[in-house]
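Report on one structure; see the data block that follows.
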Amino acid sequence: MSRRKFLKQSSYLTMGFLTYPAFAKAFSVSSSKDVIIGHNSHQYKVNLNWGNLNASQTPVNDCHEMVQDSKGRIVLLTNHTKNNVIIYDKSGKLIETWGTEYPGAHGLTLVKENGTDFLLITDYERHQIIKTTIDGKVVFKIDAPLETGKYTKKEDFKPTETTVTENGDIYVADGYGKQYITHYNHKGELLNIFGGHGTNDGQFLNAHGICYDHRDLDNPSLLITARELNQLKRFSLKGDFIETIRVPGALICRPVIHKKDIYFAVLRSKNAVHDDSGFILIMNEKNEVVSCPGATAPLYRNNELGELYQTIRLFQHPHDVCIDDDENMYVAQWNSGQTYPIKLTRV
């Protein structure tokens, strides 16, 4: 959808609030014509022009993930092999690009070691995790964990995400492969494997994203999405299942923790007519959904969350979010017509 068409459609939706009251809780337009989305304390002004570049010089294909580095720069990962990594300043100005060897570039994790930034890239087409410096020099690679006996060939291993604990241990989610979670030390040596394909508590259907949850300092844990099940699952660092948090209707990508909240890109709404029916989902420290920019307002009855669904066709397969130090959000999108990220300014 073009920006002009979106803004025109947005005005139609605004005029139709009396007919479609559900939209009123997800969308509003101020007197200055700013498009505001979200609920409660997490509302955002939409900026569709942030980060737009010359596509002939700096193209993107699927914009999979984004992080903010220690210098405050926004780092975008795309699977376009002319420039897998695009680095912006916060205003959306291009700083630099690098990377031509990651056709399945999918997961991007920032690792800080002794004041230095590194990146972990998961590439499901290379069946590898690659650790690089912030400017692209390869430090080491992790290959398919054939030694576990869970994999007979490297092609079965299609990792989608990593997370890193405070001691440098690395956890890898095999979201497009056999759905196992592999645990390595900081040197990439295998320590453990758990999970696998299935619908039981300790299993996954599309273990798409993983993050280290350090908000409870006494009991850190892992948050892992089971995207096709519309679930977020919590595990101990040893791989023991703890709990399931259900998000009906929402195919959530990776969890992103910022301060006390958890942010997700939702790839699509489970029962929507349109495939590109995604939105953003935000949970508080109690794992309660408090805002769904681009979707219906979260509603709980008897402590059960009602089904969530897209109400505004703003996002096209949102795949990841990055929260900067000013509380603004950047949204990377998969299969969106080679579009650049959308910025949501916190209001």
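Each chain of the structure tokens is named A, B, ... in the order shown, its residues numbered from 1; ligands are numbered from 1 in display order.
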
Using DSSP on the backbone, list every residue of stretch 173-252 of chain A that comes out as strand (DSSP E), and give them as a PDB file with N, CA and C atoms, in the first residue's frame.
ATOM      1  N   ALA A 173      17.374 -20.916  18.215  1.00  0.00           N
ATOM      2  CA  ALA A 173      16.054 -21.479  17.897  1.00  0.00           C
ATOM      3  C   ALA A 173      16.054 -21.931  16.442  1.00  0.00           C
ATOM      4  N   TYR A 180      14.252 -27.563  17.446  1.00  0.00           N
ATOM      5  CA  TYR A 180      15.037 -27.723  18.673  1.00  0.00           C
ATOM      6  C   TYR A 180      15.680 -26.397  19.080  1.00  0.00           C
ATOM      7  N   ILE A 181      15.963 -26.295  20.361  1.00  0.00           N
ATOM      8  CA  ILE A 181      16.727 -25.185  20.908  1.00  0.00           C
ATOM      9  C   ILE A 181      18.079 -25.743  21.306  1.00  0.00           C
ATOM     10  N   THR A 182      19.151 -25.190  20.724  1.00  0.00           N
ATOM     11  CA  THR A 182      20.494 -25.641  21.071  1.00  0.00           C
ATOM     12  C   THR A 182      21.194 -24.574  21.907  1.00  0.00           C
ATOM     13  N   HIS A 183      21.979 -25.048  22.868  1.00  0.00           N
ATOM     14  CA  HIS A 183      22.636 -24.190  23.861  1.00  0.00           C
ATOM     15  C   HIS A 183      24.144 -24.363  23.727  1.00  0.00           C
ATOM     16  N   TYR A 184      24.846 -23.237  23.558  1.00  0.00           N
ATOM     17  CA  TYR A 184      26.296 -23.240  23.370  1.00  0.00           C
ATOM     18  C   TYR A 184      26.949 -22.312  24.394  1.00  0.00           C
ATOM     19  N   LEU A 190      28.870 -26.856  22.000  1.00  0.00           N
ATOM     20  CA  LEU A 190      27.539 -27.331  22.357  1.00  0.00           C
ATOM     21  C   LEU A 190      27.458 -27.783  23.812  1.00  0.00           C
ATOM     22  N   LEU A 191      26.407 -27.331  24.520  1.00  0.00           N
ATOM     23  CA  LEU A 191      26.179 -27.708  25.912  1.00  0.00           C
ATOM     24  C   LEU A 191      24.901 -28.514  26.103  1.00  0.00           C
ATOM     25  N   ASN A 192      23.839 -28.202  25.319  1.00  0.00           N
ATOM     26  CA  ASN A 192      22.543 -28.832  25.583  1.00  0.00           C
ATOM     27  C   ASN A 192      21.654 -28.685  24.355  1.00  0.00           C
ATOM     28  N   ILE A 193      20.602 -29.505  24.295  1.00  0.00           N
ATOM     29  CA  ILE A 193      19.581 -29.387  23.267  1.00  0.00           C
ATOM     30  C   ILE A 193      18.246 -29.803  23.879  1.00  0.00           C
ATOM     31  N   PHE A 194      17.174 -29.083  23.557  1.00  0.00           N
ATOM     32  CA  PHE A 194      15.847 -29.421  24.069  1.00  0.00           C
ATOM     33  C   PHE A 194      14.793 -28.919  23.096  1.00  0.00           C
ATOM     34  N   GLY A 195      13.532 -29.255  23.386  1.00  0.00           N
ATOM     35  CA  GLY A 195      12.434 -28.825  22.528  1.00  0.00           C
ATOM     36  C   GLY A 195      12.114 -29.853  21.468  1.00  0.00           C
ATOM     37  N   ILE A 210      13.481 -16.223  20.098  1.00  0.00           N
ATOM     38  CA  ILE A 210      13.918 -16.549  21.454  1.00  0.00           C
ATOM     39  C   ILE A 210      14.598 -15.329  22.049  1.00  0.00           C
ATOM     40  N   CYS A 211      14.418 -15.114  23.359  1.00  0.00           N
ATOM     41  CA  CYS A 211      15.159 -14.046  24.034  1.00  0.00           C
ATOM     42  C   CYS A 211      15.434 -14.431  25.482  1.00  0.00           C
ATOM     43  N   TYR A 212      16.487 -13.857  26.002  1.00  0.00           N
ATOM     44  CA  TYR A 212      16.895 -14.033  27.397  1.00  0.00           C
ATOM     45  C   TYR A 212      16.139 -13.013  28.229  1.00  0.00           C
ATOM     46  N   ASP A 213      15.344 -13.504  29.186  1.00  0.00           N
ATOM     47  CA  ASP A 213      14.536 -12.631  30.039  1.00  0.00           C
ATOM     48  C   ASP A 213      15.254 -12.447  31.377  1.00  0.00           C
ATOM     49  N   SER A 221      15.327 -16.397  32.665  1.00  0.00           N
ATOM     50  CA  SER A 221      14.713 -17.492  31.915  1.00  0.00           C
ATOM     51  C   SER A 221      14.792 -17.201  30.423  1.00  0.00           C
ATOM     52  N   LEU A 222      14.233 -18.103  29.642  1.00  0.00           N
ATOM     53  CA  LEU A 222      14.161 -17.956  28.195  1.00  0.00           C
ATOM     54  C   LEU A 222      12.703 -17.808  27.777  1.00  0.00           C
ATOM     55  N   LEU A 223      12.432 -16.859  26.889  1.00  0.00           N
ATOM     56  CA  LEU A 223      11.126 -16.721  26.275  1.00  0.00           C
ATOM     57  C   LEU A 223      11.251 -17.156  24.826  1.00  0.00           C
ATOM     58  N   ILE A 224      10.414 -18.104  24.420  1.00  0.00           N
ATOM     59  CA  ILE A 224      10.503 -18.690  23.083  1.00  0.00           C
ATOM     60  C   ILE A 224       9.113 -18.706  22.461  1.00  0.00           C
ATOM     61  N   THR A 225       8.993 -18.222  21.249  1.00  0.00           N
ATOM     62  CA  THR A 225       7.684 -18.206  20.596  1.00  0.00           C
ATOM     63  C   THR A 225       7.410 -19.543  19.919  1.00  0.00           C
ATOM     64  N   ALA A 226       6.167 -19.975  20.020  1.00  0.00           N
ATOM     65  CA  ALA A 226       5.634 -21.081  19.216  1.00  0.00           C
ATOM     66  C   ALA A 226       4.604 -20.425  18.296  1.00  0.00           C
ATOM     67  N   GLN A 231       1.473 -18.864  20.789  1.00  0.00           N
ATOM     68  CA  GLN A 231       1.916 -19.014  22.166  1.00  0.00           C
ATOM     69  C   GLN A 231       3.331 -18.472  22.364  1.00  0.00           C
ATOM     70  N   LEU A 232       3.551 -17.974  23.577  1.00  0.00           N
ATOM     71  CA  LEU A 232       4.882 -17.639  24.061  1.00  0.00           C
ATOM     72  C   LEU A 232       5.178 -18.589  25.212  1.00  0.00           C
ATOM     73  N   LYS A 233       6.320 -19.277  25.168  1.00  0.00           N
ATOM     74  CA  LYS A 233       6.640 -20.257  26.203  1.00  0.00           C
ATOM     75  C   LYS A 233       7.882 -19.828  26.971  1.00  0.00           C
ATOM     76  N   ARG A 234       7.849 -20.094  28.270  1.00  0.00           N
ATOM     77  CA  ARG A 234       8.986 -19.773  29.130  1.00  0.00           C
ATOM     78  C   ARG A 234       9.680 -21.066  29.566  1.00  0.00           C
ATOM     79  N   PHE A 235      11.031 -21.027  29.506  1.00  0.00           N
ATOM     80  CA  PHE A 235      11.846 -22.164  29.909  1.00  0.00           C
ATOM     81  C   PHE A 235      12.944 -21.691  30.856  1.00  0.00           C
ATOM     82  N   PHE A 241      10.631 -26.688  30.845  1.00  0.00           N
ATOM     83  CA  PHE A 241       9.430 -25.899  30.578  1.00  0.00           C
ATOM     84  C   PHE A 241       8.887 -25.305  31.877  1.00  0.00           C
ATOM     85  N   ILE A 242       8.458 -24.030  31.814  1.00  0.00           N
ATOM     86  CA  ILE A 242       7.902 -23.347  32.987  1.00  0.00           C
ATOM     87  C   ILE A 242       6.438 -22.975  32.773  1.00  0.00           C
ATOM     88  N   GLU A 243       6.130 -22.273  31.675  1.00  0.00           N
ATOM     89  CA  GLU A 243       4.759 -21.818  31.469  1.00  0.00           C
ATOM     90  C   GLU A 243       4.517 -21.474  30.010  1.00  0.00           C
ATOM     91  N   THR A 244       3.216 -21.395  29.658  1.00  0.00           N
ATOM     92  CA  THR A 244       2.781 -20.947  28.340  1.00  0.00           C
ATOM     93  C   THR A 244       1.918 -19.705  28.499  1.00  0.00           C
ATOM     94  N   ILE A 245       2.186 -18.697  27.699  1.00  0.00           N
ATOM     95  CA  ILE A 245       1.386 -17.468  27.662  1.00  0.00           C
ATOM     96  C   ILE A 245       0.686 -17.440  26.306  1.00  0.00           C
ATOM     97  N   ARG A 246      -0.629 -17.446  26.313  1.00  0.00           N
ATOM     98  CA  ARG A 246      -1.378 -17.540  25.061  1.00  0.00           C
ATOM     99  C   ARG A 246      -1.720 -16.150  24.529  1.00  0.00           C
ATOM    100  N   ALA A 250      -2.720 -14.267  17.277  1.00  0.00           N
ATOM    101  CA  ALA A 250      -1.499 -13.524  16.935  1.00  0.00           C
ATOM    102  C   ALA A 250      -0.340 -14.477  16.651  1.00  0.00           C
ATOM    103  N   LEU A 251       0.165 -14.448  15.426  1.00  0.00           N
ATOM    104  CA  LEU A 251       1.357 -15.214  15.067  1.00  0.00           C
ATOM    105  C   LEU A 251       2.575 -14.355  15.373  1.00  0.00           C
ATOM    106  N   ILE A 252       3.057 -14.485  16.607  1.00  0.00           N
ATOM    107  CA  ILE A 252       4.117 -13.611  17.106  1.00  0.00           C
ATOM    108  C   ILE A 252       5.489 -14.074  16.629  1.00  0.00           C
TER     109      ILE A 252
END

Spatial neighbours of A:Val256, max dist 8 Å, only C-alpha atoms, sep filter under 3 positions, as number ranges by chain:
A: 211, 262-264, 321-322

Write out as a PyMOL selection string the residues lying within 6 Å of A:Val331, counting only C-alpha atoms and excluding same-chain residues fewer than 3 positions away.
chain A and resi 320-321+341-342

Output all heavy atoms for every residue in the selection just made, as a compact mmCIF listing (two decimals), in the first residue's frame.
# COMPACT_ATOMS: atom_id res chain seq x y z
N ASP A 320 9.81 -7.90 12.87
CA ASP A 320 10.59 -7.61 14.07
C ASP A 320 10.40 -6.16 14.44
O ASP A 320 10.01 -5.33 13.61
CB ASP A 320 12.07 -7.89 13.82
CG ASP A 320 12.91 -7.80 15.09
OD1 ASP A 320 12.43 -8.27 16.14
OD2 ASP A 320 14.04 -7.26 15.05
N VAL A 321 10.69 -5.86 15.71
CA VAL A 321 10.67 -4.49 16.20
C VAL A 321 11.97 -4.19 16.92
O VAL A 321 12.61 -5.08 17.47
CB VAL A 321 9.47 -4.22 17.15
CG1 VAL A 321 8.15 -4.40 16.42
CG2 VAL A 321 9.54 -5.13 18.37
N PRO A 341 11.88 -0.05 6.61
CA PRO A 341 11.15 -0.09 7.90
C PRO A 341 10.25 1.10 8.13
O PRO A 341 10.42 2.18 7.55
CB PRO A 341 12.29 -0.12 8.92
CG PRO A 341 13.46 -0.70 8.18
CD PRO A 341 13.34 -0.15 6.79
N ILE A 342 9.28 0.88 8.99
CA ILE A 342 8.35 1.93 9.44
C ILE A 342 8.79 2.36 10.84
O ILE A 342 9.09 1.52 11.69
CB ILE A 342 6.91 1.40 9.48
CG1 ILE A 342 6.42 1.09 8.07
CG2 ILE A 342 5.97 2.43 10.14
CD1 ILE A 342 5.06 0.39 8.02

Å distance separating atom CA of A:Pro293 from atom CA of A:His317, one decimal place
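If I compute the distance from atom CA of A:Pro293 to atom CA of A:His317, I get 13.7 Å.
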
How many Å separate atom CA of A:Asn52 from atom CA of A:Val347?
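Straight-line distance from atom CA of A:Asn52 to atom CA of A:Val347 works out to 22.3 Å.
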
Distance criterion (only C-alpha atoms): nearest to A:Thr199 out of A:Asp216, A:Asp325, A:Glu228, A:Asp62
A:Glu228

For A:Glu285: contacts at 9 Å, only C-alpha atoms, fewer than 6 positions along chain excluded, given as a tab-separated table (two decimals) with N, CA, C and O atoms, in the first residue's frame:
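Output file selection.tsv follows:
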chain	number	residue	atom	x	y	z
A	215	ARG	N	14.60	-9.83	33.47
A	215	ARG	CA	13.88	-8.85	34.29
A	215	ARG	C	13.77	-9.30	35.74
A	215	ARG	O	13.77	-8.47	36.65
A	260	LYS	N	10.78	-3.06	31.23
A	260	LYS	CA	9.93	-4.08	31.84
A	260	LYS	C	8.93	-4.71	30.87
A	260	LYS	O	8.19	-5.63	31.24
A	261	ASP	N	8.90	-4.22	29.64
A	261	ASP	CA	7.89	-4.68	28.68
A	261	ASP	C	8.48	-5.63	27.65
A	261	ASP	O	9.69	-5.66	27.43
A	262	ILE	N	7.58	-6.39	27.00
A	262	ILE	CA	7.97	-7.28	25.90
A	262	ILE	C	7.23	-6.82	24.65
A	262	ILE	O	6.01	-6.63	24.67

Let's see if you can do this: from backbone DSSP, list all helix (DSSP H, G or I) residues in stretch 26-218 of chain A, as a list of chain:residue names.
A:Leu146, A:Glu147, A:Thr148, A:Lys154, A:Glu155, A:Asp156

File of the preceding selection, all heavy atoms, as a tab-separated table (two decimals), in the first residue's frame:
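Result saved to out_16.tsv:
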chain	number	residue	atom	x	y	z
A	146	LEU	N	25.02	-31.73	14.25
A	146	LEU	CA	24.86	-33.14	13.87
A	146	LEU	C	25.26	-34.07	15.01
A	146	LEU	O	24.76	-35.20	15.10
A	146	LEU	CB	25.70	-33.43	12.63
A	146	LEU	CG	25.41	-32.59	11.37
A	146	LEU	CD1	26.31	-33.02	10.22
A	146	LEU	CD2	23.95	-32.71	10.97
A	147	GLU	N	26.16	-33.61	15.88
A	147	GLU	CA	26.65	-34.45	16.97
A	147	GLU	C	25.57	-34.80	17.99
A	147	GLU	O	25.74	-35.71	18.81
A	147	GLU	CB	27.84	-33.78	17.67
A	147	GLU	CG	27.52	-32.48	18.41
A	147	GLU	CD	27.66	-31.24	17.55
A	147	GLU	OE1	27.39	-31.32	16.34
A	147	GLU	OE2	28.05	-30.18	18.09
A	148	THR	N	24.44	-34.09	17.97
A	148	THR	CA	23.36	-34.38	18.92
A	148	THR	C	22.58	-35.63	18.56
A	148	THR	O	21.85	-36.17	19.40
A	148	THR	CB	22.38	-33.20	18.97
A	148	THR	OG1	21.73	-33.06	17.68
A	148	THR	CG2	23.07	-31.91	19.34
A	154	LYS	N	22.88	-31.42	7.36
A	154	LYS	CA	22.87	-30.00	7.74
A	154	LYS	C	21.64	-29.28	7.23
A	154	LYS	O	21.18	-28.29	7.83
A	154	LYS	CB	24.12	-29.30	7.23
A	154	LYS	CG	24.17	-29.09	5.72
A	154	LYS	CD	25.40	-28.28	5.33
A	154	LYS	CE	25.39	-27.96	3.83
A	154	LYS	NZ	26.57	-27.15	3.43
A	155	GLU	N	21.06	-29.75	6.11
A	155	GLU	CA	19.89	-29.09	5.52
A	155	GLU	C	18.66	-29.13	6.42
A	155	GLU	O	17.73	-28.36	6.22
A	155	GLU	CB	19.57	-29.73	4.17
A	155	GLU	CG	20.56	-29.40	3.06
A	155	GLU	CD	21.85	-30.20	3.15
A	155	GLU	OE1	21.90	-31.18	3.92
A	155	GLU	OE2	22.82	-29.86	2.44
A	156	ASP	N	18.67	-30.01	7.42
A	156	ASP	CA	17.55	-30.07	8.37
A	156	ASP	C	17.60	-28.94	9.40
A	156	ASP	O	16.63	-28.70	10.11
A	156	ASP	CB	17.56	-31.41	9.11
A	156	ASP	CG	17.23	-32.58	8.21
A	156	ASP	OD1	16.56	-32.35	7.16
A	156	ASP	OD2	17.64	-33.71	8.52

Find the residues near A:Thr97: any atom within 6 Å, counting only C-alpha atoms, skip ones fewer than 4 places away on the same chain, and give them as an MDAnalysis selection string.
chainID A and resid 83 85:86

Counting only C-alpha atoms, what is within 12 Å of A:Ile282, bar same-chain residues fewer than 5 positions away, as JSON, numbers by chain?
{"A": [38, 39, 40, 41, 42, 43, 247, 250, 252, 254, 255, 256, 257, 258, 260, 261, 262, 263, 264, 265, 266, 287, 288, 289, 290, 291, 292, 293, 294, 295, 297, 298, 321, 323, 329]}

For the residues in that selection, give me C-alpha atoms as a CSV table (one decimal), in the first residue's frame.
chain,number,residue,atom,x,y,z
A,38,GLY,CA,-1.9,1.8,19.8
A,39,HIS,CA,-3.6,1.7,23.2
A,40,ASN,CA,-3.3,2.9,26.8
A,41,SER,CA,0.2,4.1,27.6
A,42,HIS,CA,1.8,2.7,24.4
A,43,GLN,CA,0.6,4.9,21.5
A,247,VAL,CA,-1.9,-14.8,22.5
A,250,ALA,CA,-1.5,-13.5,16.9
A,252,ILE,CA,4.1,-13.6,17.1
A,254,ARG,CA,10.6,-12.9,18.4
A,255,PRO,CA,10.2,-11.4,21.8
A,256,VAL,CA,12.1,-8.1,22.3
A,257,ILE,CA,12.5,-7.0,25.9
A,258,HIS,CA,12.8,-3.2,26.6
A,260,LYS,CA,9.9,-4.1,31.8
A,261,ASP,CA,7.9,-4.7,28.7
A,262,ILE,CA,8.0,-7.3,25.9
A,263,TYR,CA,7.4,-6.2,22.3
A,264,PHE,CA,6.5,-8.4,19.3
A,265,ALA,CA,5.9,-8.1,15.6
A,266,VAL,CA,2.9,-10.1,14.8
A,287,ASN,CA,2.7,-10.8,30.7
A,288,GLU,CA,-0.5,-8.9,30.1
A,289,VAL,CA,-1.1,-7.5,26.6
A,290,VAL,CA,-1.5,-3.8,27.1
A,291,SER,CA,-1.4,-2.4,23.5
A,292,CYS,CA,-1.7,-3.7,19.9
A,293,PRO,CA,-0.8,-1.0,17.5
A,294,GLY,CA,-2.6,-1.7,14.2
A,295,ALA,CA,-5.0,-4.1,15.8
A,297,ALA,CA,-7.6,-3.3,21.7
A,298,PRO,CA,-6.6,-6.2,24.0
A,321,VAL,CA,10.7,-4.5,16.2
A,323,ILE,CA,12.9,0.0,20.5
A,329,MET,CA,9.8,1.7,17.7

Would you mind reading off the distance between atom CA of A:Met283 and atom CA of A:Lys270, one decimal, in Å?
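Result for atom CA of A:Met283 versus atom CA of A:Lys270: 18.9 Å, one decimal.
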
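You can rank A:Tyr124, A:Tyr300, A:Phe279, A:Tyr171 by their closest distance to A:Pro318 using only C-alpha atoms, and at the top of that list sits A:Phe279.
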
Could you give me, as a tab-separated table, a per-residue list for stretch 133-170 of chain A showing, wherever an atom lies at most 10 Å from an atom of stretch 116-122 of chain A, the closest pair of atoms and their distance in Å to one decimal, using only C-alpha atoms and sorting by chain then residue number from low to high?
residue	atom	partner	partner_atom	distance
A:Thr133	CA	A:Phe118	CA	4.5
A:Ile134	CA	A:Phe118	CA	5.1
A:Asp135	CA	A:Phe118	CA	8.6
A:Gly136	CA	A:Leu119	CA	8.3
A:Lys137	CA	A:Phe118	CA	9.5
A:Val138	CA	A:Leu119	CA	9.5
A:Val139	CA	A:Phe118	CA	8.9
A:Phe140	CA	A:Leu120	CA	9.7
A:Lys141	CA	A:Leu120	CA	9.3
A:Ile142	CA	A:Thr122	CA	9.4
A:Lys158	CA	A:Thr122	CA	8.5
A:Pro159	CA	A:Thr122	CA	5.9
A:Thr160	CA	A:Thr122	CA	5.8
A:Glu161	CA	A:Thr122	CA	6.0
A:Thr162	CA	A:Leu120	CA	7.2
A:Thr163	CA	A:Leu120	CA	8.6
A:Val164	CA	A:Leu120	CA	9.2
A:Ile170	CA	A:Leu120	CA	9.5

Keeping only C-alpha atoms, take the residues you just selected and write them out as a PDB file, in the first residue's frame.
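So out32.pdb came out as:
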ATOM      1  CA  THR A 133      32.077  -7.632  14.347  1.00  0.00           C
ATOM      2  CA  ILE A 134      29.751  -4.647  13.996  1.00  0.00           C
ATOM      3  CA  ASP A 135      31.390  -3.888  10.642  1.00  0.00           C
ATOM      4  CA  GLY A 136      31.046  -7.410   9.271  1.00  0.00           C
ATOM      5  CA  LYS A 137      34.282  -9.299   9.998  1.00  0.00           C
ATOM      6  CA  VAL A 138      33.547 -12.956  10.768  1.00  0.00           C
ATOM      7  CA  VAL A 139      34.600 -14.096  14.247  1.00  0.00           C
ATOM      8  CA  PHE A 140      33.286 -17.689  14.178  1.00  0.00           C
ATOM      9  CA  LYS A 141      30.499 -19.859  12.785  1.00  0.00           C
ATOM     10  CA  ILE A 142      28.228 -22.451  14.361  1.00  0.00           C
ATOM     11  CA  LYS A 158      17.335 -23.889   9.574  1.00  0.00           C
ATOM     12  CA  PRO A 159      17.962 -21.513  12.481  1.00  0.00           C
ATOM     13  CA  THR A 160      15.859 -18.379  12.830  1.00  0.00           C
ATOM     14  CA  GLU A 161      17.039 -16.677  16.031  1.00  0.00           C
ATOM     15  CA  THR A 162      19.613 -16.483  18.796  1.00  0.00           C
ATOM     16  CA  THR A 163      19.833 -14.967  22.239  1.00  0.00           C
ATOM     17  CA  VAL A 164      22.813 -14.453  24.543  1.00  0.00           C
ATOM     18  CA  ILE A 170      24.241 -18.660  23.149  1.00  0.00           C
TER      19      ILE A 170
END
